Amino acid sequence: MFIINGFKEAIYLLISLDAELYHVIILSLMVSLTAAALSSIMAVPIGILMGVKEFPLKKVAVRFIYTMMSVPPVIAGLIVFLLISRRGPLGILGLVYTPTAMIIAQTVLIFPIITGLVYNATKEKGETIQNLGKTLGANRRQRLILLVKELRMNILTAIITGYGRGISEVGAVMLVGGNIRGQTRTMTTTIAMLQSMGEYSIAIALGIILLLISFILNSILLYYQQGDYR
Amino acid sequence: MKIKVSGLTKVYNNKQVLNIPKLEIEKGSLLGIIGPNGAGKSTLVKIIGGIETSTSGLVLFDGKPINSNLYQNMTMVFQKPYLLRGSVFYNIAYPLRIRKVEEEEISRRVEKILDEMDLVEIRNQKSWTLSGGEAQKVALARAIIFNPSLLILDEPTANIDPSSIAIMEKIIKKSNQENGTTVIIVTHNLQQANRICKDVGFMYRGELIEIGSKEKVIRNPENVLTRDFIKGEILI
């Protein structure tokens, strides 16, 4: 019964544009989108480079990326917290308990995921695509463009997967953000907090939003995977 | 394009898989390379095509070693071709687009080759929906659209239907006869080598055992290994 009441209240809060609720939603989206964007800018080129080039200690780098792909969010949060806390080496920047700290923590989390997935895709198809480009007369720049174009679905999948990890994690943003009302409270930290307080309506509302985001992202991915482009 | 190979070797995992002291392919040749599995045929053409490096030796194209400009005039078609993510038209047009050909000219040339290769009906079809035979035809069309001086084909008609084979062989011969394209084709199909090639080379265990006109190599081979292969005896 409380679940049904919770659902009803959740729908009401969403329709009535509850300010606190929407602040939480917008902050979550902003933090995760920014972290995904920053991660992608670094991770996509690095993943492609790792996939096509040989370099010293490449095996070590690959193993490191694979390990970091499954690092628990709370560990990523802890690492970032230790660096940016007032007693840490970057404490002077005053980043702890700010959305910026949350972005940094999520970037640390998302970066290896995107790198690893892009690396895998490049490793699988990169040489074939490069050879094809060569045999059709493409120069180095054209081959690189061809590689990115051919791997675009894999890159998109990697970015969406990374973003999904960011928007759904609790541990990292809790540690570095502090879950401060009106400042660093995200959807996931709010859900965790409200559940422990026995207040379910907002938690359910946020849960609906998170599922909706996941649904929209996967729909976008499926749409492009079905190849509606030339 | 004339090709000269000298002292070419390839070693994989301490095993020598290729040893070609000398090979000359004249400009405008249509050379078939035959031989059993593992003879080094694909390795040879991949080295000539520049997508694999040799352990030692030299390959010269019109007297020059391979360089980025040469790739503009040569191409390869593989047994399992990789088609770009896009339509048939997009795939075939790609080599012209990277050569900055005008769109109108691209359309004209692509439409012409679509017609010649019986691909008109599938011009807008996405590459990943094509059958094996269709994919091979598209790969060949893409390879010859820019009139290369050298065309290397690694078992391009393996596992495809006879009508598609006939169309592809016609286009290969036409490219050789009308444009003077030097063609090297690796094939397991002796009948195909007999149908379309002018010259044939037999490889076995990484070595070029015999090379000459098809009349000589296929019908009157001098070497006993060539003779056994032609007769259909398995060579390990």
# chains A, B, ... in the order shown; residues from 1 in each chain; ligands from 1

$ interface_residues --of "chain B" --to "chain A" --cutoff "8 Å" --atoms "only C-alpha atoms" --output "ChimeraX atom specification"
/B:49,51,68,71-76,82,84-87,90,95,98,143

$ select_by_dssp --residues "region 74-216 of chain A" --states "alpha helix (DSSP H)" --output "ChimeraX atom specification"
/A:74-84,99-135,140-150,152-168,171-177,187-197,201-216

$ atom_distance --atom1 "CA of Ile20 (chain B)" --atom2 "CA of Leu8 (chain B)"
5.0 Å

$ residues_around --residues "Ser32 (chain A)" --least-positions-apart "4" --cutoff "12 Å" --atoms "only C-alpha atoms" --output "PyMOL selection string"
chain A and resi 25-28+36-40+99-111+159-170+172-173+186-188+213

$ residues_around --residues "Val200 (chain B)" --least-positions-apart "2" --cutoff "12 Å" --atoms "only C-alpha atoms" --output "number ranges by chain"
B: 25, 29-35, 183-198, 202-203, 208-221, 226, 230

$ write_last_selection --atoms "N, CA and C atoms" --output "short mmCIF file (atom, residue, chain, number, x, y, z; two decimals), in the first residue's frame"
data_model
loop_
_atom_site.label_atom_id
_atom_site.label_comp_id
_atom_site.auth_asym_id
_atom_site.auth_seq_id
_atom_site.Cartn_x
_atom_site.Cartn_y
_atom_site.Cartn_z
N ILE B 25 56.46 -9.19 -62.64
CA ILE B 25 55.12 -9.16 -63.20
C ILE B 25 55.05 -7.95 -64.11
N SER B 29 49.77 -7.38 -66.98
CA SER B 29 49.60 -8.84 -66.81
C SER B 29 48.29 -9.14 -66.13
N LEU B 30 47.83 -10.37 -66.31
CA LEU B 30 46.72 -10.88 -65.51
C LEU B 30 47.23 -12.22 -64.98
N LEU B 31 47.83 -12.16 -63.80
CA LEU B 31 48.54 -13.31 -63.25
C LEU B 31 47.70 -14.01 -62.19
N GLY B 32 47.53 -15.31 -62.33
CA GLY B 32 46.85 -16.10 -61.32
C GLY B 32 47.88 -16.79 -60.44
N ILE B 33 47.67 -16.77 -59.15
CA ILE B 33 48.56 -17.49 -58.22
C ILE B 33 47.75 -18.66 -57.67
N ILE B 34 48.21 -19.87 -57.93
CA ILE B 34 47.50 -21.05 -57.44
C ILE B 34 48.41 -21.82 -56.50
N GLY B 35 47.81 -22.73 -55.75
CA GLY B 35 48.59 -23.54 -54.83
C GLY B 35 47.73 -24.04 -53.70
N VAL B 183 46.80 -7.18 -62.98
CA VAL B 183 45.94 -7.90 -62.04
C VAL B 183 46.70 -9.11 -61.51
N ILE B 184 46.66 -9.27 -60.20
CA ILE B 184 47.18 -10.49 -59.58
C ILE B 184 46.02 -11.09 -58.82
N ILE B 185 45.68 -12.34 -59.15
CA ILE B 185 44.53 -12.96 -58.50
C ILE B 185 44.95 -14.28 -57.88
N VAL B 186 44.71 -14.40 -56.57
CA VAL B 186 44.96 -15.66 -55.88
C VAL B 186 43.68 -16.47 -55.99
N THR B 187 43.80 -17.69 -56.46
CA THR B 187 42.59 -18.49 -56.61
C THR B 187 42.88 -19.96 -56.39
N HIS B 188 41.86 -20.61 -55.84
CA HIS B 188 41.93 -22.07 -55.70
C HIS B 188 41.29 -22.73 -56.91
N ASN B 189 40.63 -21.93 -57.70
CA ASN B 189 39.80 -22.43 -58.79
C ASN B 189 40.63 -22.50 -60.07
N LEU B 190 41.07 -23.69 -60.44
CA LEU B 190 41.91 -23.84 -61.64
C LEU B 190 41.15 -23.44 -62.90
N GLN B 191 39.85 -23.74 -62.91
CA GLN B 191 39.05 -23.37 -64.08
C GLN B 191 39.02 -21.85 -64.22
N GLN B 192 38.92 -21.17 -63.09
CA GLN B 192 38.91 -19.72 -63.13
C GLN B 192 40.23 -19.19 -63.64
N ALA B 193 41.33 -19.76 -63.12
CA ALA B 193 42.65 -19.33 -63.58
C ALA B 193 42.77 -19.54 -65.09
N ASN B 194 42.23 -20.64 -65.54
CA ASN B 194 42.28 -20.96 -66.97
C ASN B 194 41.42 -20.00 -67.79
N ARG B 195 40.26 -19.61 -67.19
CA ARG B 195 39.33 -18.73 -67.91
C ARG B 195 39.87 -17.33 -68.08
N ILE B 196 40.39 -16.77 -67.01
CA ILE B 196 40.66 -15.33 -67.06
C ILE B 196 42.12 -14.94 -67.07
N CYS B 197 42.99 -15.80 -66.59
CA CYS B 197 44.39 -15.38 -66.47
C CYS B 197 45.16 -15.57 -67.77
N LYS B 198 46.16 -14.72 -67.94
CA LYS B 198 47.08 -14.91 -69.06
C LYS B 198 48.25 -15.78 -68.58
N PHE B 202 52.49 -21.17 -59.71
CA PHE B 202 52.14 -22.18 -58.72
C PHE B 202 53.06 -22.04 -57.53
N MET B 203 52.44 -21.94 -56.34
CA MET B 203 53.24 -21.83 -55.12
C MET B 203 53.05 -23.06 -54.25
N LEU B 208 57.80 -20.12 -55.07
CA LEU B 208 57.17 -20.07 -56.38
C LEU B 208 57.82 -21.17 -57.22
N ILE B 209 57.04 -22.25 -57.38
CA ILE B 209 57.62 -23.44 -58.01
C ILE B 209 57.72 -23.28 -59.53
N GLU B 210 56.65 -22.73 -60.07
CA GLU B 210 56.62 -22.62 -61.55
C GLU B 210 55.76 -21.42 -61.92
N ILE B 211 56.17 -20.71 -62.95
CA ILE B 211 55.39 -19.56 -63.42
C ILE B 211 55.54 -19.45 -64.92
N GLY B 212 54.45 -19.13 -65.56
CA GLY B 212 54.51 -18.99 -67.03
C GLY B 212 53.12 -18.78 -67.57
N SER B 213 52.94 -18.99 -68.84
CA SER B 213 51.62 -18.81 -69.44
C SER B 213 50.70 -19.90 -68.90
N LYS B 214 49.41 -19.64 -68.95
CA LYS B 214 48.48 -20.64 -68.41
C LYS B 214 48.52 -21.92 -69.24
N GLU B 215 48.80 -21.75 -70.53
CA GLU B 215 48.89 -22.94 -71.38
C GLU B 215 50.01 -23.86 -70.88
N LYS B 216 51.08 -23.22 -70.43
CA LYS B 216 52.23 -24.01 -69.99
C LYS B 216 51.98 -24.58 -68.59
N VAL B 217 51.63 -23.74 -67.65
CA VAL B 217 51.58 -24.16 -66.24
C VAL B 217 50.40 -25.09 -65.97
N ILE B 218 49.25 -24.77 -66.56
CA ILE B 218 48.06 -25.59 -66.26
C ILE B 218 48.00 -26.82 -67.16
N ARG B 219 48.29 -26.62 -68.41
CA ARG B 219 48.10 -27.74 -69.35
C ARG B 219 49.36 -28.59 -69.51
N ASN B 220 50.54 -27.96 -69.44
CA ASN B 220 51.79 -28.73 -69.60
C ASN B 220 52.82 -28.35 -68.55
N PRO B 221 52.47 -28.58 -67.28
CA PRO B 221 53.42 -28.16 -66.23
C PRO B 221 54.72 -28.95 -66.32
N THR B 226 53.75 -29.20 -59.49
CA THR B 226 52.67 -28.48 -60.19
C THR B 226 51.73 -29.51 -60.83
N ILE B 230 47.76 -29.91 -60.12
CA ILE B 230 46.78 -29.76 -61.21
C ILE B 230 45.90 -31.01 -61.31
#

$ decode --residues "region 3-17 of chain B" --atoms "all heavy atoms" --output "PDB file, in the first residue's frame"
ATOM      1  N   ILE B   3      55.802  -4.903 -61.600  1.00  0.00           N
ATOM      2  CA  ILE B   3      56.236  -5.248 -60.245  1.00  0.00           C
ATOM      3  C   ILE B   3      57.459  -6.148 -60.311  1.00  0.00           C
ATOM      4  O   ILE B   3      57.502  -7.100 -61.089  1.00  0.00           O
ATOM      5  CB  ILE B   3      55.115  -5.974 -59.490  1.00  0.00           C
ATOM      6  CG1 ILE B   3      53.909  -5.042 -59.367  1.00  0.00           C
ATOM      7  CG2 ILE B   3      55.555  -6.400 -58.097  1.00  0.00           C
ATOM      8  CD1 ILE B   3      52.614  -5.765 -59.330  1.00  0.00           C
ATOM      9  N   LYS B   4      58.421  -5.820 -59.448  1.00  0.00           N
ATOM     10  CA  LYS B   4      59.620  -6.649 -59.394  1.00  0.00           C
ATOM     11  C   LYS B   4      59.883  -7.037 -57.941  1.00  0.00           C
ATOM     12  O   LYS B   4      60.016  -6.182 -57.074  1.00  0.00           O
ATOM     13  CB  LYS B   4      60.810  -5.854 -59.952  1.00  0.00           C
ATOM     14  CG  LYS B   4      62.032  -6.679 -60.215  1.00  0.00           C
ATOM     15  CD  LYS B   4      63.085  -5.872 -60.959  1.00  0.00           C
ATOM     16  CE  LYS B   4      64.370  -6.663 -61.073  1.00  0.00           C
ATOM     17  NZ  LYS B   4      65.445  -5.896 -61.684  1.00  0.00           N
ATOM     18  N   VAL B   5      59.918  -8.320 -57.704  1.00  0.00           N
ATOM     19  CA  VAL B   5      60.157  -8.841 -56.350  1.00  0.00           C
ATOM     20  C   VAL B   5      61.530  -9.490 -56.347  1.00  0.00           C
ATOM     21  O   VAL B   5      61.860 -10.266 -57.247  1.00  0.00           O
ATOM     22  CB  VAL B   5      59.088  -9.906 -55.988  1.00  0.00           C
ATOM     23  CG1 VAL B   5      59.421 -10.591 -54.680  1.00  0.00           C
ATOM     24  CG2 VAL B   5      57.712  -9.281 -55.945  1.00  0.00           C
ATOM     25  N   SER B   6      62.331  -9.156 -55.328  1.00  0.00           N
ATOM     26  CA  SER B   6      63.629  -9.829 -55.234  1.00  0.00           C
ATOM     27  C   SER B   6      63.969 -10.155 -53.779  1.00  0.00           C
ATOM     28  O   SER B   6      63.815  -9.317 -52.897  1.00  0.00           O
ATOM     29  CB  SER B   6      64.739  -9.003 -55.875  1.00  0.00           C
ATOM     30  OG  SER B   6      64.584  -7.637 -55.573  1.00  0.00           O
ATOM     31  N   GLY B   7      64.394 -11.376 -53.583  1.00  0.00           N
ATOM     32  CA  GLY B   7      64.853 -11.839 -52.275  1.00  0.00           C
ATOM     33  C   GLY B   7      63.794 -11.751 -51.184  1.00  0.00           C
ATOM     34  O   GLY B   7      64.110 -11.519 -50.024  1.00  0.00           O
ATOM     35  N   LEU B   8      62.551 -11.961 -51.548  1.00  0.00           N
ATOM     36  CA  LEU B   8      61.461 -11.754 -50.578  1.00  0.00           C
ATOM     37  C   LEU B   8      61.302 -12.949 -49.648  1.00  0.00           C
ATOM     38  O   LEU B   8      61.146 -14.075 -50.092  1.00  0.00           O
ATOM     39  CB  LEU B   8      60.153 -11.529 -51.339  1.00  0.00           C
ATOM     40  CG  LEU B   8      59.032 -10.835 -50.572  1.00  0.00           C
ATOM     41  CD1 LEU B   8      59.385  -9.401 -50.299  1.00  0.00           C
ATOM     42  CD2 LEU B   8      57.741 -10.910 -51.371  1.00  0.00           C
ATOM     43  N   THR B   9      61.386 -12.682 -48.347  1.00  0.00           N
ATOM     44  CA  THR B   9      61.133 -13.743 -47.373  1.00  0.00           C
ATOM     45  C   THR B   9      60.205 -13.222 -46.287  1.00  0.00           C
ATOM     46  O   THR B   9      60.125 -12.020 -46.038  1.00  0.00           O
ATOM     47  CB  THR B   9      62.436 -14.233 -46.693  1.00  0.00           C
ATOM     48  OG1 THR B   9      62.976 -13.157 -45.916  1.00  0.00           O
ATOM     49  CG2 THR B   9      63.467 -14.720 -47.692  1.00  0.00           C
ATOM     50  N   LYS B  10      59.518 -14.179 -45.674  1.00  0.00           N
ATOM     51  CA  LYS B  10      58.682 -13.837 -44.515  1.00  0.00           C
ATOM     52  C   LYS B  10      58.810 -14.969 -43.510  1.00  0.00           C
ATOM     53  O   LYS B  10      58.659 -16.144 -43.876  1.00  0.00           O
ATOM     54  CB  LYS B  10      57.216 -13.665 -44.941  1.00  0.00           C
ATOM     55  CG  LYS B  10      56.277 -13.350 -43.798  1.00  0.00           C
ATOM     56  CD  LYS B  10      56.405 -11.913 -43.338  1.00  0.00           C
ATOM     57  CE  LYS B  10      55.470 -11.628 -42.163  1.00  0.00           C
ATOM     58  NZ  LYS B  10      55.548 -10.241 -41.710  1.00  0.00           N
ATOM     59  N   VAL B  11      59.091 -14.584 -42.282  1.00  0.00           N
ATOM     60  CA  VAL B  11      59.226 -15.570 -41.209  1.00  0.00           C
ATOM     61  C   VAL B  11      58.183 -15.265 -40.139  1.00  0.00           C
ATOM     62  O   VAL B  11      58.107 -14.148 -39.641  1.00  0.00           O
ATOM     63  CB  VAL B  11      60.653 -15.521 -40.604  1.00  0.00           C
ATOM     64  CG1 VAL B  11      60.768 -16.481 -39.437  1.00  0.00           C
ATOM     65  CG2 VAL B  11      61.704 -15.827 -41.658  1.00  0.00           C
ATOM     66  N   TYR B  12      57.368 -16.256 -39.811  1.00  0.00           N
ATOM     67  CA  TYR B  12      56.369 -16.153 -38.727  1.00  0.00           C
ATOM     68  C   TYR B  12      56.768 -17.137 -37.642  1.00  0.00           C
ATOM     69  O   TYR B  12      56.882 -18.325 -37.925  1.00  0.00           O
ATOM     70  CB  TYR B  12      54.988 -16.617 -39.210  1.00  0.00           C
ATOM     71  CG  TYR B  12      54.125 -15.622 -39.907  1.00  0.00           C
ATOM     72  CD1 TYR B  12      53.427 -15.986 -41.045  1.00  0.00           C
ATOM     73  CD2 TYR B  12      53.971 -14.326 -39.436  1.00  0.00           C
ATOM     74  CE1 TYR B  12      52.611 -15.096 -41.706  1.00  0.00           C
ATOM     75  CE2 TYR B  12      53.151 -13.423 -40.095  1.00  0.00           C
ATOM     76  CZ  TYR B  12      52.482 -13.818 -41.226  1.00  0.00           C
ATOM     77  OH  TYR B  12      51.677 -12.920 -41.878  1.00  0.00           O
ATOM     78  N   ASN B  13      56.928 -16.638 -36.415  1.00  0.00           N
ATOM     79  CA  ASN B  13      57.225 -17.546 -35.289  1.00  0.00           C
ATOM     80  C   ASN B  13      58.329 -18.538 -35.628  1.00  0.00           C
ATOM     81  O   ASN B  13      58.172 -19.755 -35.494  1.00  0.00           O
ATOM     82  CB  ASN B  13      55.965 -18.342 -34.876  1.00  0.00           C
ATOM     83  CG  ASN B  13      54.855 -17.437 -34.416  1.00  0.00           C
ATOM     84  OD1 ASN B  13      55.084 -16.392 -33.801  1.00  0.00           O
ATOM     85  ND2 ASN B  13      53.639 -17.832 -34.707  1.00  0.00           N
ATOM     86  N   ASN B  14      59.416 -18.011 -36.101  1.00  0.00           N
ATOM     87  CA  ASN B  14      60.610 -18.801 -36.449  1.00  0.00           C
ATOM     88  C   ASN B  14      60.384 -19.786 -37.594  1.00  0.00           C
ATOM     89  O   ASN B  14      61.197 -20.689 -37.791  1.00  0.00           O
ATOM     90  CB  ASN B  14      61.133 -19.584 -35.226  1.00  0.00           C
ATOM     91  CG  ASN B  14      61.594 -18.638 -34.138  1.00  0.00           C
ATOM     92  OD1 ASN B  14      62.230 -17.620 -34.414  1.00  0.00           O
ATOM     93  ND2 ASN B  14      61.252 -18.940 -32.903  1.00  0.00           N
ATOM     94  N   LYS B  15      59.293 -19.622 -38.302  1.00  0.00           N
ATOM     95  CA  LYS B  15      59.043 -20.521 -39.442  1.00  0.00           C
ATOM     96  C   LYS B  15      59.009 -19.681 -40.725  1.00  0.00           C
ATOM     97  O   LYS B  15      58.270 -18.695 -40.807  1.00  0.00           O
ATOM     98  CB  LYS B  15      57.713 -21.241 -39.244  1.00  0.00           C
ATOM     99  CG  LYS B  15      57.438 -22.300 -40.292  1.00  0.00           C
ATOM    100  CD  LYS B  15      56.050 -22.891 -40.131  1.00  0.00           C
ATOM    101  CE  LYS B  15      55.703 -23.729 -41.356  1.00  0.00           C
ATOM    102  NZ  LYS B  15      54.299 -24.077 -41.438  1.00  0.00           N
ATOM    103  N   GLN B  16      59.800 -20.111 -41.711  1.00  0.00           N
ATOM    104  CA  GLN B  16      59.808 -19.351 -42.961  1.00  0.00           C
ATOM    105  C   GLN B  16      58.587 -19.740 -43.779  1.00  0.00           C
ATOM    106  O   GLN B  16      58.429 -20.904 -44.157  1.00  0.00           O
ATOM    107  CB  GLN B  16      61.084 -19.620 -43.760  1.00  0.00           C
ATOM    108  CG  GLN B  16      61.184 -18.727 -45.008  1.00  0.00           C
ATOM    109  CD  GLN B  16      62.564 -18.724 -45.620  1.00  0.00           C
ATOM    110  OE1 GLN B  16      62.994 -19.723 -46.175  1.00  0.00           O
ATOM    111  NE2 GLN B  16      63.277 -17.619 -45.521  1.00  0.00           N
ATOM    112  N   VAL B  17      57.737 -18.782 -44.073  1.00  0.00           N
ATOM    113  CA  VAL B  17      56.507 -19.074 -44.807  1.00  0.00           C
ATOM    114  C   VAL B  17      56.562 -18.558 -46.245  1.00  0.00           C
ATOM    115  O   VAL B  17      55.667 -18.834 -47.031  1.00  0.00           O
ATOM    116  CB  VAL B  17      55.273 -18.497 -44.090  1.00  0.00           C
ATOM    117  CG1 VAL B  17      55.097 -19.146 -42.728  1.00  0.00           C
ATOM    118  CG2 VAL B  17      55.354 -16.988 -43.962  1.00  0.00           C
TER     119      VAL B  17
END
